[in-house]
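Q: Please find upload.cif (mmCIF, C-alpha atoms) on the next line:
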```
data_target
#
loop_
_atom_site.label_atom_id
_atom_site.label_comp_id
_atom_site.auth_asym_id
_atom_site.auth_seq_id
_atom_site.Cartn_x
_atom_site.Cartn_y
_atom_site.Cartn_z
CA MET A 1 16.74 6.62 -31.96
CA CYS A 2 14.37 3.66 -32.01
CA ARG A 3 15.72 0.16 -31.91
CA ARG A 4 14.68 -2.41 -34.47
CA PRO A 5 11.58 -4.38 -33.52
CA ALA A 6 11.33 -8.13 -33.09
CA SER A 7 8.95 -8.12 -36.08
CA PRO A 8 9.57 -9.29 -39.65
CA SER A 9 12.35 -7.81 -41.75
CA ASP A 10 11.74 -4.94 -44.10
CA SER A 11 11.73 -7.04 -47.27
CA VAL A 12 11.18 -10.77 -47.01
CA ASN A 13 10.36 -12.96 -43.99
CA ALA A 14 11.53 -16.50 -43.32
CA SER A 15 8.69 -18.06 -45.31
CA GLY A 16 9.38 -15.91 -48.37
CA ASP A 17 6.47 -13.47 -47.97
CA SER A 18 6.97 -10.17 -49.73
CA THR A 19 6.40 -6.73 -48.30
CA ASP A 20 2.93 -6.69 -49.93
CA THR A 21 1.69 -8.93 -47.09
CA TYR A 22 2.74 -6.38 -44.46
CA ILE A 23 1.32 -3.17 -43.14
CA GLN A 24 3.49 -0.40 -41.75
CA ILE A 25 3.07 0.80 -38.14
CA VAL A 26 4.11 4.44 -37.97
CA THR A 27 5.37 5.72 -34.61
CA SER A 28 5.71 9.24 -33.22
CA GLY A 29 9.38 9.30 -34.16
CA GLY A 30 8.60 8.48 -37.79
CA ARG A 31 9.77 4.89 -37.49
CA ARG A 32 7.98 2.39 -39.77
CA ILE A 33 7.57 -1.10 -38.39
CA PRO A 34 6.44 -3.79 -40.87
CA VAL A 35 4.01 -6.26 -39.32
CA HIS A 36 1.71 -9.07 -40.45
CA PRO A 37 -1.91 -7.87 -40.34
CA ASN A 38 -3.22 -11.36 -39.52
CA ILE A 39 -1.03 -11.54 -36.37
CA LEU A 40 -2.22 -8.13 -35.22
CA ALA A 41 -5.82 -9.08 -35.90
CA SER A 42 -5.52 -12.30 -33.90
CA ALA A 43 -4.01 -10.47 -30.92
CA SER A 44 -6.34 -7.46 -30.79
CA THR A 45 -9.97 -7.04 -31.82
CA VAL A 46 -9.43 -3.29 -32.11
CA LEU A 47 -6.53 -3.74 -34.53
CA GLU A 48 -8.61 -6.32 -36.41
CA SER A 49 -11.41 -3.81 -36.94
CA ILE A 50 -8.91 -1.18 -38.12
CA ILE A 51 -7.23 -3.56 -40.54
CA ASP A 52 -10.55 -4.85 -41.90
CA ARG A 53 -11.89 -1.40 -42.75
CA PRO A 54 -12.73 -0.82 -46.41
CA ARG A 55 -9.74 0.27 -48.43
CA LYS A 56 -11.25 3.72 -49.11
CA HIS A 57 -10.92 4.57 -45.44
CA ARG A 58 -7.19 3.76 -45.40
CA SER A 59 -4.29 5.06 -47.43
CA SER A 60 -3.05 2.91 -50.29
CA GLU A 61 0.27 2.58 -48.48
CA LYS A 62 -1.39 0.45 -45.77
CA THR A 63 -0.08 2.24 -42.70
CA LEU A 64 -1.26 2.09 -39.08
CA PRO A 65 -0.25 5.04 -36.88
CA ILE A 66 0.46 4.35 -33.18
CA VAL A 67 1.50 7.66 -31.71
CA GLY A 68 1.59 9.37 -28.34
CA VAL A 69 4.12 6.96 -26.79
CA PRO A 70 7.88 6.47 -27.28
CA CYS A 71 8.99 4.57 -30.35
CA ASP A 72 10.61 1.83 -28.31
CA ALA A 73 7.38 1.34 -26.36
CA VAL A 74 5.62 0.64 -29.68
CA VAL A 75 8.40 -1.81 -30.58
CA ALA A 76 7.90 -3.61 -27.26
CA PHE A 77 4.15 -3.63 -27.86
CA VAL A 78 4.53 -5.20 -31.30
CA GLY A 79 6.98 -7.71 -29.89
CA PHE A 80 4.37 -8.77 -27.33
CA LEU A 81 1.73 -9.17 -30.04
CA TYR A 82 4.06 -11.57 -31.82
CA SER A 83 5.53 -13.51 -28.90
CA GLY A 84 3.11 -13.00 -26.01
CA ARG A 85 6.05 -12.00 -23.81
CA CYS A 86 7.61 -8.78 -22.61
CA SER A 87 11.08 -8.43 -21.12
CA ASN A 88 11.63 -7.06 -17.64
CA GLU A 89 13.72 -4.26 -19.13
CA ASP A 90 10.88 -3.15 -21.40
CA MET A 91 8.38 -3.43 -18.57
CA GLU A 92 10.55 -1.33 -16.29
CA LYS A 93 11.11 1.39 -18.90
CA TYR A 94 7.75 1.43 -20.68
CA GLY A 95 5.30 -0.23 -18.29
CA ILE A 96 3.07 2.86 -18.13
CA HIS A 97 3.02 3.21 -21.93
CA LEU A 98 2.39 -0.50 -22.45
CA LEU A 99 -0.56 -0.34 -20.05
CA ALA A 100 -2.04 2.52 -22.08
CA LEU A 101 -1.52 0.64 -25.37
CA SER A 102 -2.98 -2.59 -23.98
CA HIS A 103 -6.06 -0.68 -22.83
CA VAL A 104 -6.55 1.22 -26.11
CA TYR A 105 -6.11 -1.86 -28.31
CA LEU A 106 -7.76 -4.35 -25.93
CA VAL A 107 -4.91 -6.74 -25.21
CA PRO A 108 -6.01 -8.19 -21.83
CA LYS A 109 -2.99 -10.44 -21.29
CA LEU A 110 -0.57 -7.54 -21.65
CA LYS A 111 -2.80 -5.33 -19.50
CA SER A 112 -2.82 -7.90 -16.71
CA GLN A 113 0.96 -8.26 -16.86
CA CYS A 114 1.48 -4.49 -16.85
CA THR A 115 -0.85 -4.12 -13.87
CA LYS A 116 1.09 -6.68 -11.82
CA GLU A 117 4.46 -5.19 -12.73
CA LEU A 118 3.39 -1.62 -11.99
CA ILE A 119 2.00 -2.66 -8.60
CA GLN A 120 5.42 -4.10 -7.71
CA ARG A 121 7.16 -0.93 -8.88
CA LEU A 122 4.95 1.59 -7.07
CA THR A 123 6.84 4.31 -5.21
CA ILE A 124 5.97 7.54 -3.43
CA GLU A 125 7.27 9.50 -6.41
CA ASN A 126 5.33 7.74 -9.19
CA VAL A 127 2.15 6.73 -7.40
CA VAL A 128 0.12 9.79 -8.45
CA ASP A 129 1.03 9.37 -12.13
CA VAL A 130 0.28 5.64 -12.02
CA LEU A 131 -2.98 6.35 -10.20
CA GLN A 132 -4.15 8.73 -12.91
CA LEU A 133 -3.27 6.19 -15.60
CA ALA A 134 -5.02 3.37 -13.72
CA ARG A 135 -8.14 5.51 -13.55
CA LEU A 136 -8.05 6.25 -17.30
CA CYS A 137 -7.20 2.67 -18.28
CA ASP A 138 -9.82 1.01 -16.08
CA ALA A 139 -7.32 -1.01 -14.04
CA PRO A 140 -9.17 -1.50 -10.71
CA ASP A 141 -6.48 -3.57 -8.96
CA LEU A 142 -3.79 -1.02 -9.76
CA TYR A 143 -6.13 1.84 -8.88
CA LEU A 144 -6.90 0.36 -5.46
CA LYS A 145 -3.22 -0.31 -4.69
CA CYS A 146 -2.34 3.27 -5.61
CA MET A 147 -5.18 4.66 -3.52
CA LYS A 148 -4.08 2.64 -0.50
CA LEU A 149 -0.47 3.81 -0.88
CA VAL A 150 -1.59 7.44 -1.16
CA SER A 151 -3.85 7.01 1.88
CA ASN A 152 -1.15 5.36 4.01
CA LYS A 153 1.69 7.69 2.97
CA PHE A 154 -0.26 10.86 2.28
CA LYS A 155 2.16 13.25 4.00
CA ALA A 156 5.01 12.05 1.79
CA VAL A 157 2.86 11.92 -1.38
CA GLU A 158 1.64 15.46 -0.70
CA GLU A 159 5.19 16.74 -1.18
CA THR A 160 5.69 15.16 -4.63
CA GLU A 161 5.51 17.04 -7.91
CA GLY A 162 2.82 14.67 -9.15
CA TRP A 163 0.46 15.64 -6.34
CA LYS A 164 1.13 19.36 -6.81
CA PHE A 165 0.41 19.00 -10.53
CA LEU A 166 -2.80 17.12 -9.74
CA GLN A 167 -3.93 19.88 -7.37
CA ASN A 168 -3.44 22.53 -10.04
CA HIS A 169 -4.91 20.68 -13.01
CA ASP A 170 -7.44 18.14 -11.74
CA PRO A 171 -9.11 19.29 -8.48
CA PHE A 172 -12.02 16.90 -9.00
CA PHE A 173 -9.71 13.89 -8.94
CA GLU A 174 -8.00 15.34 -5.87
CA LEU A 175 -11.42 15.48 -4.21
CA GLU A 176 -12.05 11.85 -5.22
CA ILE A 177 -8.79 10.79 -3.56
CA LEU A 178 -9.56 12.72 -0.38
CA GLN A 179 -13.04 11.19 -0.23
CA PHE A 180 -11.53 7.72 -0.61
CA MET A 181 -9.14 8.44 2.26
CA ASP A 182 -12.01 9.65 4.43
CA GLU A 183 -14.10 6.55 3.64
CA THR A 184 -11.11 4.30 4.34
CA GLU A 185 -10.59 5.88 7.74
CA SER A 186 -14.31 5.56 8.48
CA ARG A 187 -14.22 1.84 7.58
CA ARG A 188 -11.21 1.35 9.85
CA LYS A 189 -13.02 3.02 12.75
CA ARG A 190 -16.13 0.90 12.14
CA SER A 191 -14.00 -2.23 11.98
CA ARG A 192 -12.23 -1.39 15.24
CA ARG A 193 -15.54 -0.62 16.91
CA HIS A 194 -17.03 -3.87 15.62
CA ARG A 195 -14.07 -5.88 16.98
CA ARG A 196 -14.40 -4.20 20.36
CA GLU A 197 -18.13 -4.95 20.44
CA GLN A 198 -17.59 -8.57 19.46
CA SER A 199 -14.94 -8.90 22.16
CA LEU A 200 -17.42 -7.54 24.70
CA TYR A 201 -20.13 -9.99 23.63
CA PHE A 202 -17.73 -12.94 23.88
CA GLU A 203 -16.61 -11.77 27.33
CA LEU A 204 -20.23 -11.49 28.47
CA SER A 205 -20.92 -14.95 27.06
CA GLU A 206 -18.01 -16.33 29.07
CA ALA A 207 -19.30 -14.49 32.14
CA MET A 208 -22.67 -16.24 31.73
CA ASP A 209 -20.97 -19.64 31.55
CA CYS A 210 -18.85 -18.74 34.56
CA LEU A 211 -21.92 -17.65 36.54
CA GLU A 212 -23.62 -20.99 35.84
CA HIS A 213 -20.40 -22.79 36.81
CA ILE A 214 -20.26 -20.99 40.17
CA CYS A 215 -23.96 -21.38 40.99
CA THR A 216 -24.23 -25.01 39.82
CA GLU A 217 -20.88 -26.68 40.55
CA GLY A 218 -19.47 -24.28 43.09
CA CYS A 219 -15.94 -22.97 43.09
CA ILE A 220 -13.32 -21.80 45.58
CA SER A 221 -15.38 -19.62 47.92
CA VAL A 222 -18.87 -19.41 46.37
CA GLY A 223 -21.28 -22.18 45.44
CA PRO A 224 -24.76 -23.64 46.02
CA HIS A 225 -25.77 -24.54 49.56
CA ASP A 226 -25.91 -28.29 48.82
CA VAL A 227 -22.34 -28.51 47.44
CA VAL A 228 -19.39 -29.09 49.75
CA PRO A 229 -16.75 -26.33 49.31
CA ARG A 230 -13.58 -27.34 47.53
CA LYS A 231 -10.55 -28.12 49.64
CA ASN A 232 -8.23 -27.03 46.86
CA LYS A 233 -7.95 -23.24 47.12
CA ALA A 234 -5.88 -22.78 43.97
CA PRO A 235 -7.25 -20.19 41.51
CA CYS A 236 -9.91 -21.52 39.13
CA ASN A 237 -8.54 -22.01 35.63
CA LYS A 238 -11.81 -22.70 33.83
CA PHE A 239 -12.79 -19.05 33.31
CA SER A 240 -10.73 -15.90 33.46
CA THR A 241 -13.51 -14.02 35.30
CA CYS A 242 -14.30 -16.73 37.89
CA GLN A 243 -12.53 -15.23 40.87
CA GLY A 244 -13.81 -11.74 40.03
CA LEU A 245 -17.42 -12.95 39.85
CA GLN A 246 -17.06 -14.76 43.16
CA LEU A 247 -15.80 -11.58 44.80
CA SER A 248 -18.70 -9.61 43.29
CA ILE A 249 -21.27 -12.16 44.49
CA GLN A 250 -19.79 -12.05 47.99
CA HIS A 251 -19.85 -8.26 47.91
CA SER A 252 -23.50 -8.17 46.80
CA ALA A 253 -24.50 -10.52 49.61
CA ASN A 254 -22.96 -8.28 52.27
CA CYS A 255 -23.30 -4.80 50.78
CA LYS A 256 -25.37 -2.30 52.78
CA LYS A 257 -25.54 0.43 50.12
CA ARG A 258 -27.51 -1.72 47.65
CA VAL A 259 -30.66 -1.29 49.75
CA ASN A 260 -30.88 2.30 48.62
CA GLY A 261 -29.53 1.56 45.12
CA GLY A 262 -26.31 3.41 45.78
CA CYS A 263 -23.75 0.69 45.04
CA VAL A 264 -22.51 0.65 41.45
CA ARG A 265 -20.85 -2.74 41.84
CA CYS A 266 -24.12 -4.30 43.02
CA LYS A 267 -25.96 -2.75 40.07
CA ARG A 268 -23.53 -4.36 37.66
CA MET A 269 -23.89 -7.71 39.35
CA TRP A 270 -27.68 -7.28 39.20
CA GLN A 271 -27.40 -6.70 35.45
CA LEU A 272 -25.41 -9.92 35.01
CA PHE A 273 -28.14 -11.86 36.82
CA LYS A 274 -30.72 -10.19 34.59
CA LEU A 275 -28.71 -11.02 31.44
CA HIS A 276 -28.52 -14.64 32.52
CA ALA A 277 -32.29 -14.78 33.00
CA SER A 278 -32.78 -13.34 29.49
CA ILE A 279 -30.81 -16.16 27.84
CA CYS A 280 -31.56 -19.01 30.25
CA GLN A 281 -33.45 -21.92 28.65
CA LEU A 282 -33.75 -24.09 31.78
CA PRO A 283 -37.01 -24.44 33.72
CA ASP A 284 -37.24 -22.44 36.92
CA SER A 285 -36.82 -25.51 39.10
CA ALA A 286 -33.62 -26.58 37.34
CA CYS A 287 -31.74 -23.27 37.20
CA LYS A 288 -29.67 -22.56 40.31
CA VAL A 289 -28.59 -19.03 39.40
CA PRO A 290 -30.01 -16.53 41.91
CA LEU A 291 -32.89 -14.25 40.80
CA CYS A 292 -33.34 -16.12 37.49
CA ARG A 293 -37.01 -16.93 38.13
CA ARG A 294 -37.68 -13.42 39.41
CA PHE A 295 -36.34 -11.74 36.29
CA LYS A 296 -38.19 -14.16 34.01
CA MET A 297 -41.47 -13.26 35.73
CA ARG A 298 -40.81 -9.55 35.25
CA ASP A 299 -40.07 -10.07 31.53
CA GLY A 300 -38.70 -6.55 30.94
CA LYS A 301 -41.48 -4.74 32.78
CA GLU A 302 -38.93 -2.70 34.74
CA MET A 303 -37.66 -1.05 31.54
CA LYS A 304 -38.22 2.69 31.57
CA ASN A 305 -39.00 3.14 27.88
CA LYS A 306 -39.27 1.25 24.62
CA LYS A 307 -35.87 2.41 23.38
CA GLU A 308 -34.17 0.99 26.47
CA GLU A 309 -36.05 -2.28 26.03
CA GLU A 310 -34.99 -2.56 22.37
CA ARG A 311 -31.39 -1.87 23.36
CA TRP A 312 -31.47 -4.61 25.97
CA GLU A 313 -33.02 -7.09 23.52
CA LEU A 314 -30.25 -6.35 21.02
CA LEU A 315 -27.62 -6.99 23.68
CA VAL A 316 -29.26 -10.31 24.55
CA LYS A 317 -29.30 -11.38 20.90
CA LYS A 318 -25.62 -10.49 20.46
CA VAL A 319 -24.62 -12.45 23.56
CA VAL A 320 -26.65 -15.47 22.41
CA VAL A 321 -24.88 -15.41 19.04
CA ALA A 322 -21.50 -15.07 20.75
CA ARG A 323 -22.35 -17.98 23.03
CA ALA A 324 -23.30 -20.18 20.08
CA THR A 325 -20.08 -19.24 18.30
CA SER A 326 -17.93 -19.92 21.37
CA SER A 327 -19.56 -23.34 21.75
CA LEU A 328 -18.09 -24.26 18.36
CA LEU A 329 -14.65 -23.45 19.78
CA LEU A 330 -15.20 -25.62 22.87
CA PRO A 331 -12.83 -28.44 21.76
CA LYS A 332 -10.04 -25.88 21.46
CA ARG A 333 -10.79 -24.60 24.96
CA LYS A 334 -10.66 -28.15 26.34
CA ARG A 335 -7.25 -28.64 24.80
CA MET A 336 -6.06 -25.43 26.45
CA GLU A 337 -7.42 -26.62 29.81
CA GLU A 338 -5.57 -29.91 29.47
CA ASP A 339 -2.37 -28.00 28.72
CA ALA A 340 -2.95 -25.84 31.79
CA GLU A 341 -3.43 -28.94 33.97
CA GLN A 342 -0.13 -30.30 32.74
CA ASP A 343 1.55 -27.01 33.75
CA PRO A 344 0.52 -26.30 37.38
CA ILE A 345 2.55 -23.10 37.51
CA ALA A 346 0.61 -21.61 34.59
CA ALA A 347 -2.64 -22.93 36.04
CA ALA A 348 -1.99 -21.22 39.36
CA CYS A 349 -1.17 -17.94 37.71
CA GLY A 350 -3.64 -15.30 38.79
CA GLU A 351 -2.88 -12.94 35.95
CA ALA A 352 -6.32 -13.25 34.38
CA ASN A 353 -8.02 -12.41 37.66
CA ASP A 354 -6.49 -8.93 37.63
CA ASN A 355 -9.24 -8.09 35.16
CA HIS A 356 -12.00 -9.67 37.27
CA ASN A 357 -14.24 -6.61 37.03
CA HIS A 358 -13.42 -5.88 33.37
CA VAL A 359 -16.50 -7.61 31.95
CA ILE A 360 -18.84 -6.18 34.54
CA ARG A 361 -17.56 -2.62 33.99
CA ARG A 362 -18.14 -2.93 30.23
CA LEU A 363 -21.65 -4.36 30.52
CA VAL A 364 -24.05 -2.44 28.29
CA CYS A 365 -27.14 -1.71 30.30
#
```
Take the structure I supplied and represent it as structure tokens, if you would.

A:
Amino acid sequence: MCRRPASPSDSVNASGDSTDTYIQIVTSGGRRIPVHPNILASASTVLESIIDRPRKHRSSEKTLPIVGVPCDAVVAFVGFLYSGRCSNEDMEKYGIHLLALSHVYLVPKLKSQCTKELIQRLTIENVVDVLQLARLCDAPDLYLKCMKLVSNKFKAVEETEGWKFLQNHDPFFELEILQFMDETESRRKRSRRHRREQSLYFELSEAMDCLEHICTEGCISVGPHDVVPRKNKAPCNKFSTCQGLQLSIQHSANCKKRVNGGCVRCKRMWQLFKLHASICQLPDSACKVPLCRRFKMRDGKEMKNKKEEERWELLVKKVVVARATSSLLLPKRKRMEEDAEQDPIAAACGEANDNHNHVIRRLVC
């Protein structure tokens, strides 16, 4: 049986209005709920248009049928139209029905509340039913949350009765869900690939700064001819690739295979010199990085085809952008360097140098 609504009494309200000022809402269970038409009209434009129809289109008894949902859900709906509130108990029991009523009768406040409550109460068992309702009731936030839950827990959702019913009765919606899952996975792959690419560009940017540091200031074992080698042989803590680049430069200077182009390590070092020349803004007389002037004079003439040249230009642009971005984070790096100087044990740690060839190996040629 239906409970009594929080609407006016069946005969006379507190202000003495008679039943002539009411209209009767008729539910699926045959329950008649007396309500004030002006309150319904102020809460819902749809109900206002129904109430304001010419008398010939309505019965003389002034009734308003709201069917298709449980009687108590209609009672809770009417109570919200009067008070603007809905109890947690009603929301838990009739949240789906209240969402449907709020959509049909255009009650945005109730629809928003139902959406939030249903999102909090989503489970593997009810997600398919809620998803179908969200689609019909144009609730995008709820729809997206349901889609994400189905996508993340698809193996469990696939075993539910709701999914089996959907497969048998709405294959087009099933296809829509599967397409969403496929697009979601594609976006995740693109995002992971983009993060990896950005990480590579930042590492190459750091390698360019490190190369200038070695060739201009000098470091532990490699430096310009006019700079006295450092007496302190502790690992360099300015760049994580410093020691690795020094080893590669020393290798390139003494390698015998590079004459015939057979040394892969020398080729990678050659590419780093070429990348530096592509982004270097200093005049030839001021830049101390080896081969910088030589590569600037070539200006990409050694490229085999146009596609390879365009690929190299794109790499240069990405590294330039990464370098500009990292320059904005320079104060943070300085703070980290100061912290490292205060902790000599951490500064002397050679952990970062284990990856000294990491950047060079990942260089896109």

Q: Give me, as a Markdown table, each residue of range 55-116 of chain A that comes within 6 Å of range 19-34 of chain A, together with its shortest interatomic pair and the distance in Å at one decimal, counting all atoms listed in the file, with rows ordered by chain and rising residue number.

A:
```
| residue | atom | partner | partner_atom | distance |
| --- | --- | --- | --- | --- |
| A:Lys62 | CA | A:Ile23 | CA | 5.2 |
| A:Thr63 | CA | A:Gln24 | CA | 4.5 |
| A:Leu64 | CA | A:Ile25 | CA | 4.6 |
| A:Pro65 | CA | A:Val26 | CA | 4.5 |
| A:Ile66 | CA | A:Thr27 | CA | 5.3 |
| A:Val67 | CA | A:Ser28 | CA | 4.7 |
| A:Cys71 | CA | A:Thr27 | CA | 5.7 |
```

Q: Any chance you could resolve the PyMOL selection byres ((chain A and resi 115) around 8) against this file and give the residues as a PDB file with C-alpha atoms, keeping the file's coordinate frame?

A:
```
ATOM      1  CA  LEU A  99      -0.560  -0.340 -20.050  1.00  0.00           C
ATOM      2  CA  LYS A 111      -2.800  -5.330 -19.500  1.00  0.00           C
ATOM      3  CA  SER A 112      -2.820  -7.900 -16.710  1.00  0.00           C
ATOM      4  CA  GLN A 113       0.960  -8.260 -16.860  1.00  0.00           C
ATOM      5  CA  CYS A 114       1.480  -4.490 -16.850  1.00  0.00           C
ATOM      6  CA  LYS A 116       1.090  -6.680 -11.820  1.00  0.00           C
ATOM      7  CA  GLU A 117       4.460  -5.190 -12.730  1.00  0.00           C
ATOM      8  CA  LEU A 118       3.390  -1.620 -11.990  1.00  0.00           C
ATOM      9  CA  ILE A 119       2.000  -2.660  -8.600  1.00  0.00           C
ATOM     10  CA  ALA A 139      -7.320  -1.010 -14.040  1.00  0.00           C
ATOM     11  CA  ASP A 141      -6.480  -3.570  -8.960  1.00  0.00           C
ATOM     12  CA  LEU A 142      -3.790  -1.020  -9.760  1.00  0.00           C
TER      13      LEU A 142
END
```

Q: Residues within 12 Å of Leu272 in chain A, please, as a PyMOL selection string. Count all atoms listed in the file; anything in the same chain fewer than 2 positions from it doesn't count.

A: chain A and resi 203-212+245+248-249+265-270+274-280+289-292+295+315-316+319+357+359-365

Q: I'd like to know which of A:Asp170, A:Leu314, A:Cys146, A:Ser42 is closest to Gln120 in chain A, using only C-alpha atoms.

A: A:Cys146

Q: Go through A:Gln281, A:Asn126, A:Gln271, A:Ser252 and flag the residue nearest Thr160 in chain A, using all atoms listed in the file for the distances.

A: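 The answer is A:Asn126, which sits nearest to Thr160 in chain A.
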
Q: Could you check how far CA of Lys164 in chain A sits from CA of Glu185 in chain A, in Å to one decimal?

A: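 So the answer is 23.0 Å.
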